[in-house]
file run-v3.cif (mmCIF, C-alpha atoms and all ligand atoms)
data_entry
loop_
_atom_site.label_atom_id
_atom_site.label_comp_id
_atom_site.auth_asym_id
_atom_site.auth_seq_id
_atom_site.Cartn_x
_atom_site.Cartn_y
_atom_site.Cartn_z
CA MET A 183 17.83 -13.82 -10.71
CA ASN A 184 18.05 -14.78 -7.04
CA ASN A 185 15.54 -13.83 -4.33
CA LYS A 186 17.58 -10.89 -3.14
CA GLN A 187 17.72 -9.42 -6.65
CA LEU A 188 13.99 -10.06 -7.15
CA ASN A 189 13.24 -8.30 -3.87
CA GLU A 190 15.39 -5.35 -4.87
CA THR A 191 13.67 -5.09 -8.25
CA SER A 192 10.28 -5.29 -6.52
CA LYS A 193 11.31 -2.33 -4.32
CA PHE A 194 12.35 -0.39 -7.42
CA LEU A 195 8.93 -1.11 -8.98
CA SER A 196 7.15 0.00 -5.79
CA TYR A 197 9.10 3.26 -5.87
CA ILE A 198 8.31 3.91 -9.54
CA LEU A 199 4.70 2.69 -9.63
CA ARG A 200 3.60 4.21 -6.31
CA HIS A 201 5.68 7.31 -5.84
CA GLU A 202 8.09 8.65 -8.49
CA PRO A 203 7.27 7.43 -12.03
CA HIS A 204 8.71 10.58 -13.62
CA THR A 205 12.25 9.73 -12.44
CA ILE A 206 12.37 7.32 -15.39
CA GLY A 207 10.15 9.48 -17.63
CA LEU A 208 7.10 7.29 -17.02
CA GLN A 209 3.52 8.53 -16.87
CA LEU A 210 0.88 6.68 -14.86
CA ASP A 211 -2.77 7.08 -15.82
CA ALA A 212 -5.39 8.15 -13.28
CA GLU A 213 -5.92 4.51 -12.30
CA GLY A 214 -2.22 4.00 -11.67
CA TRP A 215 -1.50 1.95 -14.80
CA ALA A 216 1.87 2.14 -16.55
CA ASP A 217 2.49 0.96 -20.08
CA ILE A 218 4.90 -1.98 -19.75
CA ASN A 219 6.98 -1.08 -22.82
CA SER A 220 7.45 2.48 -21.51
CA LEU A 221 8.41 1.09 -18.10
CA ILE A 222 10.99 -1.24 -19.64
CA THR A 223 12.42 1.55 -21.84
CA GLY A 224 12.52 4.07 -18.97
CA ALA A 225 14.15 1.61 -16.57
CA ALA A 226 16.78 0.70 -19.20
CA LYS A 227 17.89 4.34 -19.35
CA GLU A 228 18.71 4.01 -15.64
CA GLY A 229 20.70 0.87 -16.41
CA ARG A 230 18.02 -1.39 -14.98
CA ILE A 231 17.18 -4.22 -17.33
CA LEU A 232 13.59 -5.45 -17.05
CA ASP A 233 11.61 -7.64 -19.37
CA LEU A 234 8.09 -9.00 -19.43
CA ALA A 235 9.09 -12.39 -18.01
CA LEU A 236 10.83 -10.75 -15.06
CA LEU A 237 7.82 -8.50 -14.39
CA GLN A 238 5.55 -11.55 -14.49
CA THR A 239 7.81 -13.34 -12.00
CA ILE A 240 7.67 -10.38 -9.64
CA VAL A 241 3.88 -10.04 -9.95
CA ASN A 242 3.42 -13.75 -9.22
CA SER A 243 5.96 -14.06 -6.42
CA SER A 244 4.97 -10.93 -4.48
CA ASP A 245 3.88 -12.12 -1.03
CA LYS A 246 1.48 -9.20 -0.75
CA LYS A 247 0.31 -9.18 -4.38
CA ARG A 248 1.74 -5.68 -4.65
CA PHE A 249 1.41 -5.43 -8.44
CA THR A 250 -1.28 -6.27 -10.98
CA LEU A 251 -0.98 -6.90 -14.71
CA SER A 252 -3.84 -5.71 -16.92
CA ASP A 253 -5.93 -8.36 -18.66
CA ASP A 254 -4.32 -7.54 -22.01
CA GLY A 255 -0.86 -7.98 -20.44
CA GLN A 256 0.29 -4.54 -21.63
CA ARG A 257 0.06 -2.55 -18.41
CA ILE A 258 1.13 -2.92 -14.79
CA ARG A 259 0.20 -1.07 -11.60
CA ALA A 260 0.73 -1.16 -7.86
CA ALA A 261 -2.36 -2.36 -5.98
CA GLN A 262 -2.10 0.25 -3.23
CA GLY A 263 0.33 2.43 -1.30
CA HIS A 264 0.52 5.35 -3.73
CA SER A 265 1.67 8.87 -3.01
CA ALA A 266 1.82 10.04 -6.66
CA PRO A 267 -0.53 13.07 -6.81
CA ASP A 268 -2.09 12.42 -10.26
CA VAL A 269 -3.11 8.89 -9.38
CA ASN A 270 -6.45 8.06 -7.80
CA LEU A 271 -7.27 4.37 -7.81
CA GLN A 272 -10.97 3.66 -7.59
CA HIS A 273 -10.68 1.18 -4.74
CA ARG A 274 -13.74 -0.84 -3.87
CA GLU A 275 -15.74 0.81 -1.12
CA LYS A 276 -16.80 -1.84 1.35
CA GLU A 277 -18.18 -2.42 4.85
CA PRO A 278 -15.19 -3.37 7.00
CA PRO A 279 -15.02 -6.14 9.60
CA GLU A 280 -15.60 -5.19 13.22
CA LEU A 281 -11.88 -4.75 13.89
CA LEU A 282 -8.86 -4.00 11.75
CA TYR A 283 -5.21 -3.62 12.75
CA HIS A 284 -2.49 -1.08 12.09
CA GLY A 285 1.14 -1.90 12.71
CA THR A 286 3.42 0.94 13.65
CA ALA A 287 6.57 1.61 15.68
CA THR A 288 6.47 2.43 19.41
CA ARG A 289 8.11 5.81 18.77
CA PHE A 290 5.01 7.01 16.84
CA ILE A 291 2.50 6.03 19.53
CA GLU A 292 2.43 9.29 21.48
CA SER A 293 1.80 11.32 18.33
CA ILE A 294 -0.83 8.84 17.07
CA PHE A 295 -2.77 9.08 20.34
CA GLN A 296 -2.71 12.88 19.95
CA GLN A 297 -3.57 13.20 16.24
CA GLY A 298 -5.09 9.88 15.29
CA LEU A 299 -3.73 7.92 12.35
CA ILE A 300 -2.96 10.08 9.35
CA ALA A 301 -2.07 9.01 5.83
CA GLY A 302 1.16 11.03 5.68
CA SER A 303 2.52 11.08 2.15
CA ARG A 304 0.37 8.17 0.99
CA HIS A 305 -3.24 8.54 -0.10
CA HIS A 306 -4.64 6.39 2.73
CA VAL A 307 -4.00 4.89 6.14
CA HIS A 308 -3.28 1.18 5.64
CA LEU A 309 -5.02 -1.41 7.80
CA SER A 310 -4.87 -5.19 7.84
CA GLN A 311 -7.17 -7.96 8.90
CA GLU A 312 -4.44 -9.88 10.72
CA THR A 313 -2.18 -8.82 13.57
CA ARG A 314 0.65 -10.86 12.01
CA THR A 315 0.71 -8.58 8.95
CA ALA A 316 0.44 -5.51 11.16
CA ILE A 317 3.52 -6.57 13.15
CA ALA A 318 5.54 -6.98 9.94
CA VAL A 319 4.43 -3.53 8.74
CA GLY A 320 5.34 -1.91 12.09
CA GLN A 321 8.75 -3.57 12.15
CA ARG A 322 9.83 -1.49 9.14
CA TYR A 323 10.09 1.57 11.37
CA GLY A 324 11.37 0.21 14.69
CA LYS A 325 10.02 -1.76 17.63
CA PRO A 326 6.58 -2.84 16.37
CA VAL A 327 3.29 -2.26 18.12
CA VAL A 328 -0.19 -3.21 16.94
CA LEU A 329 -3.14 -0.85 17.16
CA GLU A 330 -6.70 -2.16 17.13
CA ILE A 331 -9.10 -0.06 15.09
CA GLU A 332 -12.87 -0.16 15.66
CA SER A 333 -13.49 -0.14 11.93
CA LEU A 334 -17.15 -1.17 11.92
CA ARG A 335 -18.02 1.51 14.46
CA MET A 336 -16.17 4.05 12.30
CA TYR A 337 -18.14 2.87 9.27
CA GLN A 338 -21.38 3.25 11.20
CA HIS A 339 -20.31 6.84 11.93
CA GLY A 340 -19.96 7.54 8.19
CA PHE A 341 -16.25 6.90 7.61
CA LYS A 342 -15.54 5.25 4.27
CA PHE A 343 -13.47 2.09 3.89
CA PHE A 344 -11.95 0.64 0.77
CA GLN A 345 -10.31 -2.66 -0.01
CA ALA A 346 -7.45 -2.73 -2.51
CA GLU A 347 -7.27 -5.59 -4.99
CA ASN A 348 -4.61 -7.24 -2.82
CA GLY A 349 -6.85 -7.23 0.28
CA VAL A 350 -5.26 -4.29 2.14
CA TRP A 351 -7.89 -2.11 3.85
CA LEU A 352 -7.71 1.63 3.35
CA THR A 353 -9.33 4.65 4.97
CA GLU A 354 -8.53 8.35 4.93
CA ALA A 355 -7.72 8.80 8.60
CA VAL A 356 -8.54 7.21 11.95
CA PRO A 357 -9.58 9.51 14.85
CA VAL A 358 -8.11 8.74 18.27
CA ASN A 359 -11.38 7.53 19.80
CA PHE A 360 -11.44 4.48 17.52
CA ILE A 361 -7.87 3.39 18.34
CA SER A 362 -6.61 1.20 21.17
CA LEU A 363 -3.41 -0.69 21.89
CA LYS A 364 -3.72 -4.36 21.07
C1 LIG B 1 2.72 6.42 11.10
C2 LIG B 1 3.84 -1.37 3.10
C3 LIG B 1 2.98 9.73 13.92
C4 LIG B 1 2.16 5.09 10.67
C5 LIG B 1 3.10 -1.89 4.30
C6 LIG B 1 3.32 4.54 9.86
C7 LIG B 1 1.76 -1.24 4.22
C8 LIG B 1 1.94 8.36 12.43
C9 LIG B 1 3.93 5.78 9.24
C10 LIG B 1 2.02 0.00 3.43
C11 LIG B 1 0.72 9.04 12.61
C12 LIG B 1 3.58 5.94 7.78
C13 LIG B 1 1.87 1.22 4.26
C14 LIG B 1 0.69 10.12 13.52
C15 LIG B 1 0.39 7.45 11.19
N1 LIG B 1 1.85 10.43 14.15
N2 LIG B 1 3.07 8.70 13.08
N3 LIG B 1 -0.40 10.84 13.76
N4 LIG B 1 -0.21 8.47 11.82
N5 LIG B 1 1.70 7.38 11.56
O1 LIG B 1 4.97 3.56 5.17
O2 LIG B 1 1.10 1.88 7.12
O3 LIG B 1 5.53 -3.68 1.88
O4 LIG B 1 3.38 5.52 4.80
O5 LIG B 1 1.84 4.29 11.78
O6 LIG B 1 3.05 -3.27 4.29
O7 LIG B 1 3.62 1.81 7.58
O8 LIG B 1 5.62 -1.44 0.78
O9 LIG B 1 2.56 3.54 6.02
O10 LIG B 1 4.25 3.90 10.68
O11 LIG B 1 0.76 -2.00 3.63
O12 LIG B 1 4.08 -3.21 -0.07
O13 LIG B 1 3.39 6.90 9.97
O14 LIG B 1 3.35 -0.09 2.95
O15 LIG B 1 3.59 -2.12 1.99
O16 LIG B 1 4.33 4.98 7.08
O17 LIG B 1 2.73 1.15 5.38
P1 LIG B 1 3.87 4.40 5.67
P2 LIG B 1 2.49 2.06 6.64
P3 LIG B 1 4.78 -2.65 1.10
#
call {"tool": "encode", "arguments": {"input": "run-v3.cif", "output": "structure tokens"}}
result
Amino acid sequence: MNNKQLNETSKFLSYILRHEPHTIGLQLDAEGWADINSLITGAAKEGRILDLALLQTIVNSSDKKRFTLSDDGQRIRAAQGHSAPDVNLQHREKEPPELLYHGTATRFIESIFQQGLIAGSRHHVHLSQETRTAIAVGQRYGKPVVLEIESLRMYQHGFKFFQAENGVWLTEAVPVNFISLK
């Protein structure tokens, strides 16, 4: 399988393991885990041929460590980014660094400075420690812009922060007074 095909399969897995598992008859548990055999069987019904070796390749080659295999090798889950309503990953609650970054597109800026950052369909607002990552995230929606978030000050005001197992920082929402343009 070439890189383009791997990337496309990774997108399919993101869609299934974060958002719409039932489209292939798959059930995620409350911690987001899917049984690998059920995933392979469900995907095959859609004409998509997966096997354990391919899943392992995708887990290991994912630049953002998007997916995790369970220790027993029988289950797989997405590390973060979920919208599926029955899933509630117990992310590690943690004191954040002083500043975190959120990449978005310029066309969202006016609304963000009115409403603050909201999670939208996902369970959390996603923040990163590096502006480089934030730019890449923002680019997905248009001309990118990086917002600087006063995360430590938020934390000191009682807002909770979590870190997913792949390092992405998560919080429920970011009020306007903690956001500035980088
Ligand atoms: C924007 C990818 C208007 C927000 C990435 C973003 C990330 C608002 C979009 C992960 C707003 C939501 C998540 C407001 C927020 N008004 N727009 N008040 N508040 N927005 O895709 O953070 O590559 O749900 O700025 O790398 O872009 O898939 O979130 O532009 O880690 O593994 O609404 O997804 O990971 O978009 O991306 P998303 P995101 P993967």
call {"tool": "residues_near_point", "arguments": {"input": "run-v3.cif", "point": "(-0.2, 4.7, 20.9)", "cutoff": "10 Å", "atoms": "all atoms listed in the file", "output": "VMD selection string"}}
result
chain A and resid 286 to 296 298 to 299 327 to 329 358 361 to 364
call {"tool": "residues_near_ligand", "arguments": {"input": "run-v3.cif", "ligand": "ligand LIG 1 (chain B)", "cutoff": "8 Å", "atoms": "all atoms listed in the file", "output": "ChimeraX atom specification"}}
result
/A:193,196,246,248,262-263,284-287,290-304,307-310,315-316,318-320,322-323,350
call {"tool": "atom_distance", "arguments": {"input": "run-v3.cif", "atom1": "atom CA of A:Asp253", "atom2": "atom CA of A:Gln345"}}
result
20.0 Å
call {"tool": "residues_around", "arguments": {"input": "run-v3.cif", "residues": "stretch 216-230 of chain A", "least_positions_apart": "4", "cutoff": "7 Å", "atoms": "only C-alpha atoms", "output": "list in words"}}
result
Ile206, Gly207, Leu208, Gln209, Leu210, Asp211, Gln256, Arg257, Ile258 and Arg259 of chain A
call {"tool": "atom_distance", "arguments": {"input": "run-v3.cif", "atom1": "atom CA of A:Tyr197", "atom2": "atom CA of A:Thr239"}}
result
17.7 Å
call {"tool": "atom_distance", "arguments": {"input": "run-v3.cif", "atom1": "atom CA of A:Glu332", "atom2": "atom CA of A:Lys276"}}
result
14.9 Å
call {"tool": "closest_residue", "arguments": {"input": "run-v3.cif", "among": "A:Gln238, A:Ser252, A:Trp215, A:Asn184", "to": "A:Ile198", "atoms": "only C-alpha atoms"}}
result
A:Trp215
call {"tool": "closest_residue", "arguments": {"input": "run-v3.cif", "among": "A:Asp233, A:Glu213, A:Glu347, A:Glu330", "to": "A:Asp268", "atoms": "only C-alpha atoms"}}
result
A:Glu213
call {"tool": "closest_residue", "arguments": {"input": "run-v3.cif", "among": "A:His273, A:His264, A:Lys186, A:His305", "to": "A:Asn348", "atoms": "all atoms listed in the file"}}
result
A:His273
call {"tool": "closest_residue", "arguments": {"input": "run-v3.cif", "among": "A:Thr191, A:Asn185, A:Ser244, A:Thr353", "to": "A:Phe341", "atoms": "only C-alpha atoms"}}
result
A:Thr353
call {"tool": "closest_residue", "arguments": {"input": "run-v3.cif", "among": "A:Lys342, A:Leu232, A:Thr205, A:Ala212", "to": "A:Leu188", "atoms": "all atoms listed in the file"}}
result
A:Leu232
call {"tool": "decode", "arguments": {"input": "run-v3.cif", "residues": "stretch 314-330 of chain A", "atoms": "all heavy atoms", "output": "JSON list (two decimals), in the first residue's frame"}}
result
[["chain", "number", "residue", "atom", "x", "y", "z"],
["A", 314, "ARG", "N", 3.51, 25.55, 15.06],
["A", 314, "ARG", "CA", 3.64, 24.84, 13.78],
["A", 314, "ARG", "C", 2.45, 23.88, 13.58],
["A", 314, "ARG", "O", 1.84, 23.82, 12.52],
["A", 314, "ARG", "CB", 4.95, 24.05, 13.79],
["A", 314, "ARG", "CG", 5.36, 23.44, 12.48],
["A", 314, "ARG", "CD", 6.84, 23.01, 12.55],
["A", 314, "ARG", "NE", 7.15, 22.36, 13.83],
["A", 314, "ARG", "CZ", 7.14, 21.05, 14.04],
["A", 314, "ARG", "NH1", 6.83, 20.22, 13.07],
["A", 314, "ARG", "NH2", 7.46, 20.55, 15.22],
["A", 315, "THR", "N", 2.11, 23.15, 14.63],
["A", 315, "THR", "CA", 0.97, 22.23, 14.56],
["A", 315, "THR", "C", -0.32, 23.03, 14.36],
["A", 315, "THR", "O", -1.19, 22.66, 13.57],
["A", 315, "THR", "CB", 0.85, 21.43, 15.88],
["A", 315, "THR", "OG1", 2.14, 20.90, 16.19],
["A", 315, "THR", "CG2", -0.15, 20.32, 15.78],
["A", 316, "ALA", "N", -0.43, 24.14, 15.09],
["A", 316, "ALA", "CA", -1.65, 24.95, 15.00],
["A", 316, "ALA", "C", -1.86, 25.47, 13.57],
["A", 316, "ALA", "O", -2.99, 25.50, 13.07],
["A", 316, "ALA", "CB", -1.58, 26.11, 15.99],
["A", 317, "ILE", "N", -0.78, 25.84, 12.90],
["A", 317, "ILE", "CA", -0.90, 26.34, 11.52],
["A", 317, "ILE", "C", -1.44, 25.22, 10.62],
["A", 317, "ILE", "O", -2.35, 25.43, 9.82],
["A", 317, "ILE", "CB", 0.46, 26.86, 10.99],
["A", 317, "ILE", "CG1", 0.84, 28.14, 11.74],
["A", 317, "ILE", "CG2", 0.40, 27.14, 9.49],
["A", 317, "ILE", "CD1", 2.26, 28.60, 11.51],
["A", 318, "ALA", "N", -0.90, 24.01, 10.80],
["A", 318, "ALA", "CA", -1.35, 22.88, 9.97],
["A", 318, "ALA", "C", -2.83, 22.59, 10.20],
["A", 318, "ALA", "O", -3.58, 22.31, 9.27],
["A", 318, "ALA", "CB", -0.50, 21.64, 10.28],
["A", 319, "VAL", "N", -3.26, 22.67, 11.47],
["A", 319, "VAL", "CA", -4.67, 22.43, 11.80],
["A", 319, "VAL", "C", -5.56, 23.49, 11.13],
["A", 319, "VAL", "O", -6.58, 23.18, 10.52],
["A", 319, "VAL", "CB", -4.87, 22.44, 13.33],
["A", 319, "VAL", "CG1", -6.36, 22.39, 13.69],
["A", 319, "VAL", "CG2", -4.14, 21.27, 13.98],
["A", 320, "GLY", "N", -5.14, 24.77, 11.23],
["A", 320, "GLY", "CA", -5.92, 25.87, 10.66],
["A", 320, "GLY", "C", -6.04, 25.80, 9.15],
["A", 320, "GLY", "O", -7.08, 26.14, 8.58],
["A", 321, "GLN", "N", -4.98, 25.30, 8.53],
["A", 321, "GLN", "CA", -4.93, 25.22, 7.06],
["A", 321, "GLN", "C", -6.02, 24.32, 6.47],
["A", 321, "GLN", "O", -6.36, 24.44, 5.31],
["A", 321, "GLN", "CB", -3.57, 24.64, 6.64],
["A", 321, "GLN", "CG", -2.76, 25.61, 5.82],
["A", 321, "GLN", "CD", -1.28, 25.34, 5.95],
["A", 321, "GLN", "OE1", -0.86, 24.30, 6.46],
["A", 321, "GLN", "NE2", -0.47, 26.27, 5.49],
["A", 322, "ARG", "N", -6.55, 23.42, 7.31],
["A", 322, "ARG", "CA", -7.59, 22.50, 6.81],
["A", 322, "ARG", "C", -8.86, 23.25, 6.42],
["A", 322, "ARG", "O", -9.67, 22.75, 5.66],
["A", 322, "ARG", "CB", -7.92, 21.45, 7.87],
["A", 322, "ARG", "CG", -6.82, 20.45, 8.08],
["A", 322, "ARG", "CD", -6.82, 19.84, 9.48],
["A", 322, "ARG", "NE", -8.06, 19.29, 9.92],
["A", 322, "ARG", "CZ", -8.76, 19.75, 10.97],
["A", 322, "ARG", "NH1", -8.35, 20.78, 11.66],
["A", 322, "ARG", "NH2", -9.88, 19.18, 11.32],
["A", 323, "TYR", "N", -9.04, 24.46, 6.94],
["A", 323, "TYR", "CA", -10.29, 25.17, 6.71],
["A", 323, "TYR", "C", -10.13, 26.46, 5.91],
["A", 323, "TYR", "O", -11.10, 27.18, 5.71],
["A", 323, "TYR", "CB", -10.98, 25.47, 8.04],
["A", 323, "TYR", "CG", -11.47, 24.22, 8.75],
["A", 323, "TYR", "CD1", -10.98, 23.85, 10.00],
["A", 323, "TYR", "CD2", -12.42, 23.41, 8.14],
["A", 323, "TYR", "CE1", -11.45, 22.72, 10.63],
["A", 323, "TYR", "CE2", -12.89, 22.27, 8.76],
["A", 323, "TYR", "CZ", -12.40, 21.92, 10.02],
["A", 323, "TYR", "OH", -12.85, 20.78, 10.63],
["A", 324, "GLY", "N", -8.91, 26.79, 5.51],
["A", 324, "GLY", "CA", -8.73, 28.02, 4.74],
["A", 324, "GLY", "C", -7.42, 28.68, 5.11],
["A", 324, "GLY", "O", -6.48, 28.01, 5.55],
["A", 325, "LYS", "N", -7.36, 30.01, 4.95],
["A", 325, "LYS", "CA", -6.13, 30.73, 5.29],
["A", 325, "LYS", "C", -5.91, 30.61, 6.80],
["A", 325, "LYS", "O", -6.77, 31.03, 7.59],
["A", 325, "LYS", "CB", -6.28, 32.19, 4.89],
["A", 325, "LYS", "CG", -5.01, 33.00, 5.01],
["A", 325, "LYS", "CD", -5.12, 34.31, 4.24],
["A", 325, "LYS", "CE", -3.84, 35.09, 4.29],
["A", 325, "LYS", "NZ", -3.73, 35.93, 5.49],
["A", 326, "PRO", "N", -4.78, 30.02, 7.22],
["A", 326, "PRO", "CA", -4.62, 29.74, 8.65],
["A", 326, "PRO", "C", -4.26, 30.96, 9.49],
["A", 326, "PRO", "O", -3.61, 31.89, 9.00],
["A", 326, "PRO", "CB", -3.47, 28.73, 8.69],
["A", 326, "PRO", "CG", -2.68, 29.00, 7.47],
["A", 326, "PRO", "CD", -3.64, 29.52, 6.43],
["A", 327, "VAL", "N", -4.70, 30.92, 10.73],
["A", 327, "VAL", "CA", -4.32, 31.95, 11.69],
["A", 327, "VAL", "C", -4.16, 31.25, 13.03],
["A", 327, "VAL", "O", -4.87, 30.28, 13.31],
["A", 327, "VAL", "CB", -5.37, 33.10, 11.72],
["A", 327, "VAL", "CG1", -6.76, 32.56, 11.95],
["A", 327, "VAL", "CG2", -5.04, 34.14, 12.77],
["A", 328, "VAL", "N", -3.20, 31.72, 13.83],
["A", 328, "VAL", "CA", -2.92, 31.07, 15.10],
["A", 328, "VAL", "C", -3.40, 31.95, 16.25],
["A", 328, "VAL", "O", -3.10, 33.15, 16.30],
["A", 328, "VAL", "CB", -1.42, 30.76, 15.24],
["A", 328, "VAL", "CG1", -1.11, 30.20, 16.63],
["A", 328, "VAL", "CG2", -0.98, 29.76, 14.17],
["A", 329, "LEU", "N", -4.16, 31.34, 17.15],
["A", 329, "LEU", "CA", -4.63, 32.05, 18.34],
["A", 329, "LEU", "C", -3.82, 31.59, 19.53],
["A", 329, "LEU", "O", -3.54, 30.40, 19.68],
["A", 329, "LEU", "CB", -6.11, 31.76, 18.58],
["A", 329, "LEU", "CG", -7.04, 32.15, 17.43],
["A", 329, "LEU", "CD1", -8.46, 31.69, 17.72],
["A", 329, "LEU", "CD2", -6.99, 33.65, 17.19],
["A", 330, "GLU", "N", -3.45, 32.56, 20.37],
["A", 330, "GLU", "CA", -2.70, 32.24, 21.59],
["A", 330, "GLU", "C", -3.70, 32.19, 22.75],
["A", 330, "GLU", "O", -4.49, 33.12, 22.93],
["A", 330, "GLU", "CB", -1.65, 33.33, 21.82],
["A", 330, "GLU", "CG", -0.66, 33.00, 22.89],
["A", 330, "GLU", "CD", 0.45, 34.04, 22.91],
["A", 330, "GLU", "OE1", 0.26, 35.07, 23.57],
["A", 330, "GLU", "OE2", 1.49, 33.83, 22.26]]
